[in-house]
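Input: a single structure, listed below in structure tokens.
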Amino acid sequence: MIGLTVGDVVAEAEVQLSRDSLVRYAGASGDFNPIHYRDDIARSVGLPGVLAHGMLTMGLAVQPVVDWAGDPGRILDYQVRFTRPVLVDAVDGARVVVVAKVGQLDTEAQIARIDLTVTVAGETVLGKAQIRVSIAEPRPAEPDVA
Amino acid sequence: MPVNPELQGRVFPPTEPYLVGREKIREFSRAVFATNPINHDVAAARAAGYADVVGPPTFAIVIQEATLAQLLAEPDAGIDFSRVVHGEQRFSHSRPIVAGDTLTATLTVASVKTLGANAMVTAESSVVDDTGAHVVTATSILVVRGDE
């Protein structure tokens with residue numbers, strides 16, 4: 001993590017979502033709201049069609065940063081604002097693009113704030129998407145979990 | 001029925017203990033496109049100093065879900081699920097969730113704010129392990145749309 005500078009792009013990723021991804025996330029998370037798999041119900045509540053779970057977008061957007069940090073346990077804090085729904089077309093799906101940049105560095109506490117830009121078709125879908133990542137070497141001691 | 005402003009400050013009873021399963025962490029990891037070996041492979045997790053596979057940073061939503069169900073089921077809350085939009089989400093970890101953890105969550109309604117016809121409810125769920133030590137706080141801001 002030596003040589004890290006504010007503004008550096010530390011990770012980038014593109015994830016192709018399909019309706020299958022939404023069904024898989026529904027099962028894994030327990031969020032079975034039908035607006036995430038039924039167009040008729042999505043339309044009946046005024047939506048243009050089936051949407052990705054906000055929590056799916058949040059969950060996948062942090063992964064490039066986990067891989068950069070090398071350990072999911074280094075993610076201390078993660079927050080997002082859901083600013084725009086992600087429509088997932090039955091045929092074409094949706095492509096989520098993630099760019100992760102250093103927003104702030106606290107060298108004393110050894111914590112980097114990584115800011116995410118998350119877009120679909122050029123439009124931002126998550127606002128204020130910020131991750132506080134431990135950049136301590138080695139990783140801070142874990143409580144005894146054995 | 002509008003959102004009851006008296007919800008602010010209310011603390012709910014702790015949820016039933018949730019035993020975090022190794023396969024649940026793997027299933028959730030696949031669903032959020034988490035491919036890090038520490039999420040999937042016990043040997044990799046142990047090599048990194050964990051007792052078992054580690055949940056992705058948003059895994060706590062699985063535990064938090066039971067507390068949001070408590071909130072929506074509260075008879076005097078006035079929160080109509082079909083009008084709820086998820087506005088913001090945050091996870092603040094003291095340590096990551098690891099397979100084998102037994103976790104309980106306690107919901108506090110941190111604030112209820114009215115903005116025109118809408119209400120914003122901040123639901124803060126504190127997740128602790130079976131020793132009572134804090135693991136993660138999951139905070140949701142729910143926007144409840146009022147009558148148009």
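Chain identifiers are assigned as A, B, and so on, following the order in which chains appear in the structure tokens; residues are numbered from 1 within each chain, and ligands are numbered from 1 in order of appearance.
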How close does each residue of chain B get to chain A, giving the shortest atom pair and distance in Å to one decimal for every residue with an atom at most 7 Å away, counting only C-alpha atoms, sorted by chain and residue number, as a Markdown table?
| residue | atom | partner | partner_atom | distance |
| --- | --- | --- | --- | --- |
| B:Glu27 | CA | A:Ala28 | CA | 6.0 |
| B:Phe28 | CA | A:Ala28 | CA | 5.0 |
| B:Ala31 | CA | A:Tyr25 | CA | 4.9 |
| B:Val32 | CA | A:Leu60 | CA | 4.7 |
| B:Phe33 | CA | A:Leu60 | CA | 5.7 |
| B:Ala34 | CA | A:Gln63 | CA | 5.8 |
| B:Asn36 | CA | A:Asp67 | CA | 6.4 |
| B:Ile38 | CA | A:Asp71 | CA | 6.8 |
| B:Ala51 | CA | A:Ala146 | CA | 5.0 |
| B:Pro56 | CA | A:Pro72 | CA | 6.1 |
| B:Pro57 | CA | A:Pro72 | CA | 6.5 |
| B:Thr58 | CA | A:Gly59 | CA | 5.7 |
| B:Val62 | CA | A:Ser29 | CA | 5.6 |
| B:Gly87 | CA | A:Phe82 | CA | 5.4 |
| B:Glu88 | CA | A:Arg81 | CA | 4.3 |
| B:Gln89 | CA | A:Val80 | CA | 5.6 |
| B:Arg90 | CA | A:Gln79 | CA | 4.0 |
| B:Phe91 | CA | A:Tyr78 | CA | 5.3 |
| B:Ser92 | CA | A:Asp77 | CA | 4.4 |
| B:His93 | CA | A:Leu76 | CA | 5.1 |
| B:Arg95 | CA | A:Gly73 | CA | 6.8 |
| B:Pro96 | CA | A:Gly73 | CA | 5.2 |
Same residues, C-alpha atoms, output as a PDB file, in the first residue's frame:
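Output file out-v3.pdb follows:
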ATOM      1  CA  GLU B  27     -23.936 -19.054  -1.626  1.00  0.00           C
ATOM      2  CA  PHE B  28     -24.089 -15.352  -0.739  1.00  0.00           C
ATOM      3  CA  ALA B  31     -24.632 -14.124  -5.561  1.00  0.00           C
ATOM      4  CA  VAL B  32     -22.583 -10.904  -5.129  1.00  0.00           C
ATOM      5  CA  PHE B  33     -19.816 -12.007  -7.517  1.00  0.00           C
ATOM      6  CA  ALA B  34     -17.314 -12.378  -4.661  1.00  0.00           C
ATOM      7  CA  ASN B  36     -11.905 -13.992  -3.191  1.00  0.00           C
ATOM      8  CA  ILE B  38     -11.171 -16.192   1.728  1.00  0.00           C
ATOM      9  CA  ALA B  51     -11.410 -19.759  11.838  1.00  0.00           C
ATOM     10  CA  PRO B  56     -18.524 -10.522   2.040  1.00  0.00           C
ATOM     11  CA  PRO B  57     -18.799  -6.950   3.421  1.00  0.00           C
ATOM     12  CA  THR B  58     -22.576  -6.873   2.828  1.00  0.00           C
ATOM     13  CA  VAL B  62     -28.932 -11.545   5.964  1.00  0.00           C
ATOM     14  CA  GLY B  87     -32.536   5.050   0.410  1.00  0.00           C
ATOM     15  CA  GLU B  88     -29.153   4.336   1.957  1.00  0.00           C
ATOM     16  CA  GLN B  89     -27.237   1.467   3.527  1.00  0.00           C
ATOM     17  CA  ARG B  90     -24.143   1.216   5.693  1.00  0.00           C
ATOM     18  CA  PHE B  91     -22.166  -1.555   7.378  1.00  0.00           C
ATOM     19  CA  SER B  92     -19.687  -0.645  10.118  1.00  0.00           C
ATOM     20  CA  HIS B  93     -17.611  -3.642  11.151  1.00  0.00           C
ATOM     21  CA  ARG B  95     -14.681  -7.584  12.704  1.00  0.00           C
ATOM     22  CA  PRO B  96     -15.861  -9.558   9.671  1.00  0.00           C
TER      23      PRO B  96
END
Once DSSP has gone over the backbone, tell me which residues of region 5-146 of chain A are in strand (DSSP E or B), as a count of residues only.
56
Contacts of Leu107 (chain B) within 12 Å, only C-alpha atoms, excl. fewer than 5 positions in-chain, as a PyMOL selection string: chain B and resi 7-15+63-72+122-128+137-140
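For Val98 (chain B), the list of residues within 9 Å, based on only C-alpha atoms and with local chain neighbours fewer than 5 positions off taken out, reads Val145 of chain A; Val20, Gly21, Arg22, Ile25, Tyr50, Ala51, Asp52, Val53, Val54 and Gly55 of chain B.
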